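Next up, start-v8.tsv (TSV, C-alpha atoms):
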```tsv
chain	number	residue	atom	x	y	z
A	1	MET	CA	24.43	16.14	5.56
A	2	PRO	CA	21.33	15.89	7.75
A	3	PHE	CA	18.02	14.97	6.23
A	4	LYS	CA	15.56	17.74	5.42
A	5	ARG	CA	12.50	15.90	4.12
A	6	TYR	CA	10.93	13.54	6.61
A	7	VAL	CA	8.07	11.11	6.31
A	8	GLU	CA	5.59	12.60	8.75
A	9	ILE	CA	1.89	13.23	9.06
A	10	GLY	CA	1.11	16.12	6.75
A	11	ARG	CA	4.05	15.73	4.38
A	12	VAL	CA	3.05	16.37	0.77
A	13	ALA	CA	4.45	13.85	-1.68
A	14	LEU	CA	4.36	13.27	-5.42
A	15	VAL	CA	3.42	9.86	-6.75
A	16	ASN	CA	6.14	8.74	-9.15
A	17	TYR	CA	5.00	5.27	-10.21
A	18	GLY	CA	1.83	3.43	-10.99
A	19	LYS	CA	-1.74	4.34	-11.73
A	20	GLU	CA	-1.67	7.59	-9.69
A	21	TYR	CA	1.46	8.89	-11.40
A	22	GLY	CA	1.91	12.63	-11.13
A	23	ARG	CA	-0.61	13.23	-8.36
A	24	LEU	CA	0.15	15.28	-5.25
A	25	VAL	CA	-0.89	13.42	-2.11
A	26	VAL	CA	-0.64	14.04	1.62
A	27	ILE	CA	0.75	11.43	4.01
A	28	VAL	CA	-2.01	11.01	6.52
A	29	ASP	CA	-0.64	8.12	8.62
A	30	VAL	CA	2.17	5.59	8.58
A	31	ILE	CA	1.19	1.92	8.40
A	32	ASP	CA	4.61	0.41	8.80
A	33	GLN	CA	8.15	0.72	7.57
A	34	ASN	CA	7.25	0.58	3.90
A	35	ARG	CA	3.72	1.88	3.56
A	36	ALA	CA	1.80	5.02	4.32
A	37	LEU	CA	-1.85	5.90	4.35
A	38	VAL	CA	-2.19	8.58	1.75
A	39	ASP	CA	-4.99	11.00	0.89
A	40	ALA	CA	-5.78	13.70	-1.65
A	41	PRO	CA	-8.89	15.86	-2.11
A	42	ASP	CA	-10.07	13.96	-5.16
A	43	MET	CA	-9.23	10.36	-4.37
A	44	VAL	CA	-10.28	7.67	-1.93
A	45	ARG	CA	-7.87	7.38	0.98
A	46	GLY	CA	-5.59	4.42	0.37
A	47	GLN	CA	-2.25	2.90	1.20
A	48	MET	CA	0.85	3.43	-0.86
A	49	ASN	CA	4.39	2.13	-0.72
A	50	PHE	CA	7.10	4.72	0.00
A	51	LYS	CA	8.89	3.52	-3.11
A	52	ARG	CA	6.12	5.10	-5.15
A	53	LEU	CA	6.35	8.46	-3.40
A	54	SER	CA	8.77	11.35	-3.83
A	55	LEU	CA	8.70	13.59	-0.78
A	56	THR	CA	8.42	17.35	-1.36
A	57	ASP	CA	9.37	20.28	0.83
A	58	ILE	CA	5.77	21.14	1.56
A	59	LYS	CA	4.24	20.08	4.87
A	60	ILE	CA	0.77	20.91	6.15
A	61	ASP	CA	-0.59	20.87	9.67
A	62	ILE	CA	-3.14	18.11	10.16
A	63	PRO	CA	-4.08	15.76	12.97
A	64	ARG	CA	-3.53	12.06	12.44
A	65	VAL	CA	-5.99	10.67	9.83
A	66	PRO	CA	-8.18	13.75	9.44
A	67	LYS	CA	-11.66	13.83	7.92
A	68	LYS	CA	-11.76	14.70	4.24
A	69	LYS	CA	-13.17	18.14	4.96
A	70	THR	CA	-10.43	18.90	7.52
A	71	LEU	CA	-7.83	17.81	5.02
A	72	ILE	CA	-9.21	20.03	2.27
A	73	ASP	CA	-9.41	23.02	4.65
A	74	ALA	CA	-5.83	22.46	5.81
A	75	MET	CA	-4.63	22.22	2.22
A	76	GLU	CA	-6.39	25.48	1.38
A	77	ALA	CA	-4.94	27.19	4.46
A	78	ALA	CA	-1.41	26.10	3.60
A	79	ASP	CA	-2.03	26.95	-0.06
A	80	VAL	CA	-0.40	23.75	-1.23
A	81	LYS	CA	-1.47	24.10	-4.85
A	82	ASN	CA	0.08	27.55	-5.38
A	83	LYS	CA	3.22	26.71	-3.41
A	84	TRP	CA	3.69	23.65	-5.58
A	85	GLU	CA	3.08	25.44	-8.87
A	86	ASN	CA	5.51	28.22	-7.94
A	87	SER	CA	8.25	25.89	-6.75
A	88	SER	CA	10.97	25.10	-9.28
A	89	TRP	CA	10.07	21.39	-9.22
A	90	GLY	CA	6.40	22.13	-9.85
A	91	ARG	CA	7.17	24.60	-12.62
A	92	LYS	CA	9.43	22.07	-14.36
A	93	LEU	CA	6.64	19.49	-14.31
A	94	ILE	CA	4.19	21.98	-15.80
A	95	VAL	CA	6.63	22.79	-18.60
A	96	GLN	CA	7.21	19.09	-19.27
A	97	LYS	CA	3.49	18.50	-19.52
A	98	ARG	CA	3.06	21.45	-21.86
A	99	ARG	CA	5.86	20.26	-24.11
A	100	ALA	CA	4.44	16.75	-24.26
A	101	SER	CA	1.04	18.04	-25.32
A	102	LEU	CA	2.22	20.19	-28.26
A	103	ASN	CA	0.82	19.46	-31.67
A	104	ASP	CA	2.75	19.88	-34.92
A	105	PHE	CA	1.68	23.48	-35.44
A	106	ASP	CA	2.77	24.37	-31.91
A	107	ARG	CA	6.15	22.78	-32.51
A	108	PHE	CA	6.49	24.84	-35.69
A	109	LYS	CA	5.76	27.99	-33.70
A	110	VAL	CA	8.34	26.94	-31.08
A	111	MET	CA	10.91	26.46	-33.86
A	112	LEU	CA	10.29	29.98	-35.20
A	113	ALA	CA	10.48	31.44	-31.69
A	114	LYS	CA	13.78	29.67	-31.02
A	115	ILE	CA	15.27	30.96	-34.29
A	116	LYS	CA	14.16	34.50	-33.43
A	117	ARG	CA	15.63	34.25	-29.93
A	118	GLY	CA	18.90	32.86	-31.30
A	119	GLY	CA	19.10	35.71	-33.80
A	120	ALA	CA	18.58	38.35	-31.10
A	121	ILE	CA	21.30	36.79	-28.90
A	122	ARG	CA	23.77	36.66	-31.75
A	123	GLN	CA	23.13	40.35	-32.62
A	124	GLU	CA	23.88	41.40	-29.04
A	125	LEU	CA	26.98	39.21	-28.97
A	126	ALA	CA	28.23	40.75	-32.23
A	127	LYS	CA	27.70	44.26	-30.80
A	128	LEU	CA	29.64	43.40	-27.62
A	129	LYS	CA	32.47	41.88	-29.68
A	130	LYS	CA	32.70	45.05	-31.78
A	131	GLN	CA	32.88	47.17	-28.64
A	132	SER	CA	35.64	45.15	-27.04
A	133	ALA	CA	37.63	44.75	-30.29
B	1	MET	CA	-5.86	-2.18	-3.54
B	2	VAL	CA	-4.19	-5.01	-5.38
B	3	ALA	CA	-6.23	-8.21	-5.49
B	4	PHE	CA	-5.72	-10.29	-2.37
B	5	ARG	CA	-4.61	-13.86	-2.75
B	6	PHE	CA	-6.54	-14.99	0.32
B	7	HIS	CA	-10.21	-14.15	0.75
B	8	GLN	CA	-12.16	-14.51	3.96
B	9	TYR	CA	-15.26	-16.67	3.74
B	10	GLN	CA	-18.03	-17.57	6.15
B	11	VAL	CA	-19.19	-21.15	5.60
B	12	VAL	CA	-22.31	-22.49	7.28
B	13	GLY	CA	-23.06	-26.19	7.19
B	14	ARG	CA	-24.59	-29.10	9.01
B	15	GLY	CA	-25.01	-32.85	8.79
B	16	LEU	CA	-27.84	-34.07	6.64
B	17	PRO	CA	-31.15	-34.53	8.49
B	18	SER	CA	-31.89	-38.19	9.09
B	19	ALA	CA	-34.36	-40.38	10.90
B	20	ILE	CA	-32.44	-40.14	14.21
B	21	ASP	CA	-31.79	-36.41	13.99
B	22	GLU	CA	-34.48	-34.31	12.35
B	23	HIS	CA	-32.72	-30.97	12.98
B	24	PRO	CA	-28.97	-31.43	13.21
B	25	LYS	CA	-26.88	-28.66	14.75
B	26	ILE	CA	-25.72	-25.99	12.31
B	27	TYR	CA	-22.09	-24.94	12.41
B	28	ARG	CA	-20.49	-21.77	11.09
B	29	MET	CA	-16.84	-21.20	10.33
B	30	LYS	CA	-14.86	-18.24	9.20
B	31	LEU	CA	-11.83	-19.22	7.19
B	32	TRP	CA	-9.34	-18.04	4.59
B	33	ALA	CA	-9.02	-19.59	1.18
B	34	THR	CA	-8.05	-18.51	-2.31
B	35	ASN	CA	-11.51	-19.25	-3.72
B	36	GLU	CA	-14.94	-20.53	-2.71
B	37	VAL	CA	-14.37	-24.11	-3.77
B	38	ARG	CA	-11.32	-24.35	-1.58
B	39	ALA	CA	-13.19	-22.67	1.25
B	40	LYS	CA	-15.87	-25.34	1.26
B	41	SER	CA	-13.25	-28.06	1.18
B	42	LYS	CA	-11.41	-26.51	4.13
B	43	PHE	CA	-14.68	-26.22	6.00
B	44	TRP	CA	-15.24	-29.97	5.84
B	45	TYR	CA	-11.60	-30.62	6.75
B	46	PHE	CA	-11.93	-28.67	9.99
B	47	LEU	CA	-15.43	-29.82	10.78
B	48	ARG	CA	-14.44	-33.46	10.42
B	49	LYS	CA	-11.83	-32.91	13.11
B	50	LEU	CA	-14.35	-31.38	15.49
B	51	LYS	CA	-17.61	-33.25	14.90
B	52	LYS	CA	-18.69	-36.60	13.53
B	53	VAL	CA	-19.74	-35.29	10.11
B	54	LYS	CA	-18.28	-35.55	6.61
B	55	LYS	CA	-18.96	-33.93	3.28
B	56	SER	CA	-20.73	-37.09	2.11
B	57	ASN	CA	-23.27	-36.93	4.93
B	58	GLY	CA	-23.45	-33.17	5.30
B	59	GLN	CA	-24.49	-30.09	3.41
B	60	VAL	CA	-23.15	-26.57	3.10
B	61	LEU	CA	-26.00	-24.17	3.76
B	62	ALA	CA	-24.32	-20.88	2.89
B	63	ILE	CA	-20.99	-19.53	1.85
B	64	ASN	CA	-20.41	-15.78	1.81
B	65	GLU	CA	-17.32	-13.73	1.30
B	66	ILE	CA	-16.54	-11.35	4.14
B	67	PHE	CA	-15.20	-7.96	3.12
B	68	GLU	CA	-13.38	-5.42	5.18
B	69	ARG	CA	-15.73	-3.04	6.92
B	70	ASN	CA	-13.27	-0.15	7.21
B	71	PRO	CA	-10.45	-0.41	4.66
B	72	THR	CA	-9.19	3.13	5.21
B	73	LYS	CA	-8.43	2.72	8.92
B	74	ILE	CA	-5.09	1.34	10.06
B	75	LYS	CA	-5.43	-1.48	12.55
B	76	ASN	CA	-3.13	-3.77	14.47
B	77	TYR	CA	-3.97	-7.40	13.73
B	78	GLY	CA	-2.97	-10.30	15.95
B	79	ILE	CA	-2.96	-13.68	14.25
B	80	TRP	CA	-2.75	-16.99	16.14
B	81	LEU	CA	-1.67	-19.81	13.91
B	82	ARG	CA	-0.66	-23.46	13.97
B	83	TYR	CA	1.98	-24.52	11.47
B	84	GLN	CA	3.86	-27.61	10.53
B	85	SER	CA	7.61	-27.34	10.49
B	86	ARG	CA	10.06	-29.99	9.42
B	87	THR	CA	10.10	-31.42	12.93
B	88	GLY	CA	6.53	-31.06	14.19
B	89	TYR	CA	3.59	-28.77	14.80
B	90	HIS	CA	3.96	-25.44	16.57
B	91	ASN	CA	1.69	-22.60	17.62
B	92	MET	CA	2.60	-19.03	16.95
B	93	TYR	CA	1.26	-15.55	17.57
B	94	LYS	CA	2.14	-12.78	15.11
B	95	GLU	CA	1.21	-9.14	14.91
B	96	PHE	CA	0.76	-7.08	11.77
B	97	ARG	CA	-0.16	-3.52	11.04
B	98	ASP	CA	-2.42	-3.13	8.03
B	99	THR	CA	-5.61	-1.53	6.80
B	100	THR	CA	-7.49	-4.76	6.03
B	101	LEU	CA	-7.63	-8.20	7.61
B	102	ASN	CA	-7.05	-9.89	4.25
B	103	GLY	CA	-3.92	-7.78	3.83
B	104	ALA	CA	-2.65	-8.79	7.26
B	105	VAL	CA	-3.32	-12.48	6.55
B	106	GLU	CA	-1.44	-12.19	3.27
B	107	GLN	CA	1.47	-10.54	5.12
B	108	MET	CA	1.40	-13.43	7.57
B	109	TYR	CA	1.60	-16.06	4.84
B	110	ASN	CA	4.46	-14.23	3.17
B	111	GLU	CA	6.33	-13.80	6.43
B	112	MET	CA	5.93	-17.45	7.44
B	113	ALA	CA	7.20	-18.51	4.03
B	114	SER	CA	10.23	-16.24	4.21
B	115	ARG	CA	11.19	-16.54	7.87
B	116	HIS	CA	10.32	-20.18	8.53
B	117	ARG	CA	10.06	-21.71	5.05
B	118	VAL	CA	6.48	-22.78	5.81
B	119	ARG	CA	4.24	-23.07	2.77
B	120	SER	CA	0.63	-21.93	2.87
B	121	HIS	CA	-0.86	-25.41	2.98
B	122	CYS	CA	0.99	-26.15	6.21
B	123	ILE	CA	-0.52	-23.18	8.04
B	124	GLN	CA	-3.80	-23.21	9.93
B	125	ILE	CA	-5.17	-19.93	11.21
B	126	ILE	CA	-6.60	-20.45	14.67
B	127	LYS	CA	-7.80	-16.97	15.41
B	128	THR	CA	-7.46	-13.39	14.25
B	129	ALA	CA	-8.31	-10.24	16.14
B	130	THR	CA	-7.83	-6.50	15.90
B	131	ILE	CA	-5.70	-5.50	18.84
B	132	PRO	CA	-5.95	-2.05	20.41
B	133	SER	CA	-2.59	-0.30	20.50
B	134	LYS	CA	-2.15	-0.75	24.27
B	135	LEU	CA	-2.27	-4.52	24.10
B	136	CYS	CA	0.22	-5.06	21.29
B	137	LYS	CA	3.07	-7.30	22.25
B	138	ARG	CA	5.60	-6.97	19.48
B	139	GLU	CA	8.08	-4.09	19.40
B	140	SER	CA	8.00	-3.94	15.62
B	141	THR	CA	4.31	-2.95	15.62
B	142	LYS	CA	4.56	-0.84	18.77
B	143	GLN	CA	7.21	1.42	17.23
B	144	PHE	CA	4.60	2.82	14.83
B	145	HIS	CA	2.20	3.78	17.63
B	146	ASP	CA	3.42	7.34	17.63
B	147	SER	CA	1.10	10.17	16.72
B	148	LYS	CA	4.06	12.37	15.82
B	149	ILE	CA	5.93	9.77	13.85
B	150	LYS	CA	8.74	11.16	11.75
B	151	PHE	CA	11.58	9.50	9.90
B	152	PRO	CA	13.60	10.22	6.78
B	153	LEU	CA	13.72	7.98	3.75
B	154	VAL	CA	17.37	7.13	3.72
B	155	PHE	CA	17.82	5.23	0.46
B	156	LYS	CA	16.01	6.72	-2.50
B	157	LYS	CA	16.29	4.62	-5.61
B	158	VAL	CA	15.01	6.57	-8.61
B	159	ARG	CA	12.83	4.34	-10.78
B	160	PRO	CA	11.57	5.00	-14.30
B	161	PRO	CA	7.85	5.70	-14.02
B	162	THR	CA	6.90	2.84	-16.31
B	163	ARG	CA	8.64	-0.44	-17.02
B	164	LYS	CA	8.80	0.53	-20.67
B	165	LEU	CA	11.36	3.24	-19.91
B	166	LYS	CA	13.68	0.84	-18.10
B	167	THR	CA	17.27	0.66	-19.46
B	168	THR	CA	20.06	-1.70	-18.49
B	169	PHE	CA	22.79	0.94	-18.71
B	170	LYS	CA	22.77	4.50	-17.47
B	171	ALA	CA	24.94	7.40	-18.62
B	172	SER	CA	25.69	8.69	-15.11
B	173	ARG	CA	25.72	7.39	-11.56
B	174	PRO	CA	22.34	7.86	-9.89
B	175	ASN	CA	22.05	10.04	-6.80
B	176	LEU	CA	20.56	7.90	-4.03
B	177	PHE	CA	20.35	10.58	-1.35
B	178	MET	CA	16.83	12.00	-1.00
```

Turn this file's structure into structure tokens for me.
Amino acid sequence: MPFKRYVEIGRVALVNYGKEYGRLVVIVDVIDQNRALVDAPDMVRGQMNFKRLSLTDIKIDIPRVPKKKTLIDAMEAADVKNKWENSSWGRKLIVQKRRASLNDFDRFKVMLAKIKRGGAIRQELAKLKKQSA
Amino acid sequence: MVAFRFHQYQVVGRGLPSAIDEHPKIYRMKLWATNEVRAKSKFWYFLRKLKKVKKSNGQVLAINEIFERNPTKIKNYGIWLRYQSRTGYHNMYKEFRDTTLNGAVEQMYNEMASRHRVRSHCIQIIKTATIPSKLCKRESTKQFHDSKIKFPLVFKKVRPPTRKLKTTFKASRPNLFM
């Protein structure tokens, strides 16, 4: 199986460890075998170990080590935010975050909704069983 | 950035003024030490070897920490050092790619310890310089001088995001590809 996600200038990655956990960053330059210079619109450009990054499918077109403004314009042009939020990985993360932030009343509402959904499924199933029997 | 173990200091000192010499020559040194106290001590160690002056008949005029001017720019650092091995003293030239000089010096100390079993107190830094990409000598730094650099991450170990969520046993075999 060939590789599909490469470490390259402009690759968007997700931070999966440490203080910046959960942030989407762009690889702006490669320092050496283990570290990359990484930038995002709302953080100071800094170095990060590849072990802390999960590469995504999204890649934007930037020159090596662009100015902040160029980076932000390129991210807007490539529409990174929407692409990420519509991807299955991004959607899963949003759902996880929502579930983690529920309060007790919300969890009660979820319980009622699940019971209702289960009831509807079982009704349909009973109908189909009757038809085939 | 994580705290550096080695800080760069500029120490300025001279011999004490005396009857024979009203205005002794002032000497300045840039050196690496873990703290200011050690920096002053190192300053006298080196100055004693170069001039006829000791801490007892000298004074430190200033000691300032030097910080990185441009910590977001990647640079190639060349470090000339003198180290003591089990059989004698040797000179060495090493190259490192890093964003800050303190980071490169820390890399150097770690590499000397791992590759040559040389502890930090047996290493003397002679000179450091930022090297433009054309003049780099080592292949391992030159291979990153590519504006269209591209490589896959071959071994992807999935880590729990905090050490609290670490477990000794896992239910299923982890997928290390990508």

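Selecting chain B residues within 6 Å of chain A and counting all atoms listed in the file yields B:Ile149, B:Lys150, B:Phe151, B:Pro152, B:Pro161.
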
(request) Do a neighbour search on Lys127 (chain B) at 8 Å with all atoms listed in the file, toss out local chain neighbours closer than 4 positions, and write the hits as an MDAnalysis selection string. (result) chainID B and resid 79:81

(request) Could you pull out every residue with an atom within 12 Å of (-9.4, 15.7, 12.7), file coordinates, counting all atoms listed in the file, and send them as a ChimeraX atom specification? (result) /A:28,61-74

(message) So that I can see what lies close to region 76-93 of chain A, please list as a ChimeraX atom specification the residues with an atom at most 8 Å from it, counting all atoms listed in the file and leaving out residues fewer than 4 positions away in the same chain.
(response) /A:58,60,72,97

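Here CA of Val154 (chain B) stands at a distance of 11.9 Å from CA of Asn175 (chain B).
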
(request) With all atoms listed in the file counted, which protein, DNA or RNA residues have an atom no more than 6 Å from (-0.5, 14.5, 3.2) in the file frame? Please answer as a count of residues only. (result) 7

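The coordinates place CA of Ala104 (chain B) at 15.6 Å from CA of Phe144 (chain B).
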
For Lys137 (chain B), please output as an mmCIF file with C-alpha atoms, in the coordinates of the input all residues within 12 Å (counting only C-alpha atoms; exclusion window: fewer than 5 positions along the same chain).
```cif
data_model
loop_
_atom_site.group_PDB
_atom_site.id
_atom_site.type_symbol
_atom_site.label_atom_id
_atom_site.label_comp_id
_atom_site.auth_asym_id
_atom_site.auth_seq_id
_atom_site.Cartn_x
_atom_site.Cartn_y
_atom_site.Cartn_z
ATOM 1 C CA ASN B 76 -3.130 -3.770 14.470
ATOM 2 C CA TYR B 77 -3.970 -7.400 13.730
ATOM 3 C CA GLY B 78 -2.970 -10.300 15.950
ATOM 4 C CA ILE B 79 -2.960 -13.680 14.250
ATOM 5 C CA TYR B 93 1.260 -15.550 17.570
ATOM 6 C CA LYS B 94 2.140 -12.780 15.110
ATOM 7 C CA GLU B 95 1.210 -9.140 14.910
ATOM 8 C CA PHE B 96 0.760 -7.080 11.770
ATOM 9 C CA ILE B 131 -5.700 -5.500 18.840
ATOM 10 C CA PRO B 132 -5.950 -2.050 20.410
ATOM 11 C CA LYS B 142 4.560 -0.840 18.770
ATOM 12 C CA GLN B 143 7.210 1.420 17.230
#
```
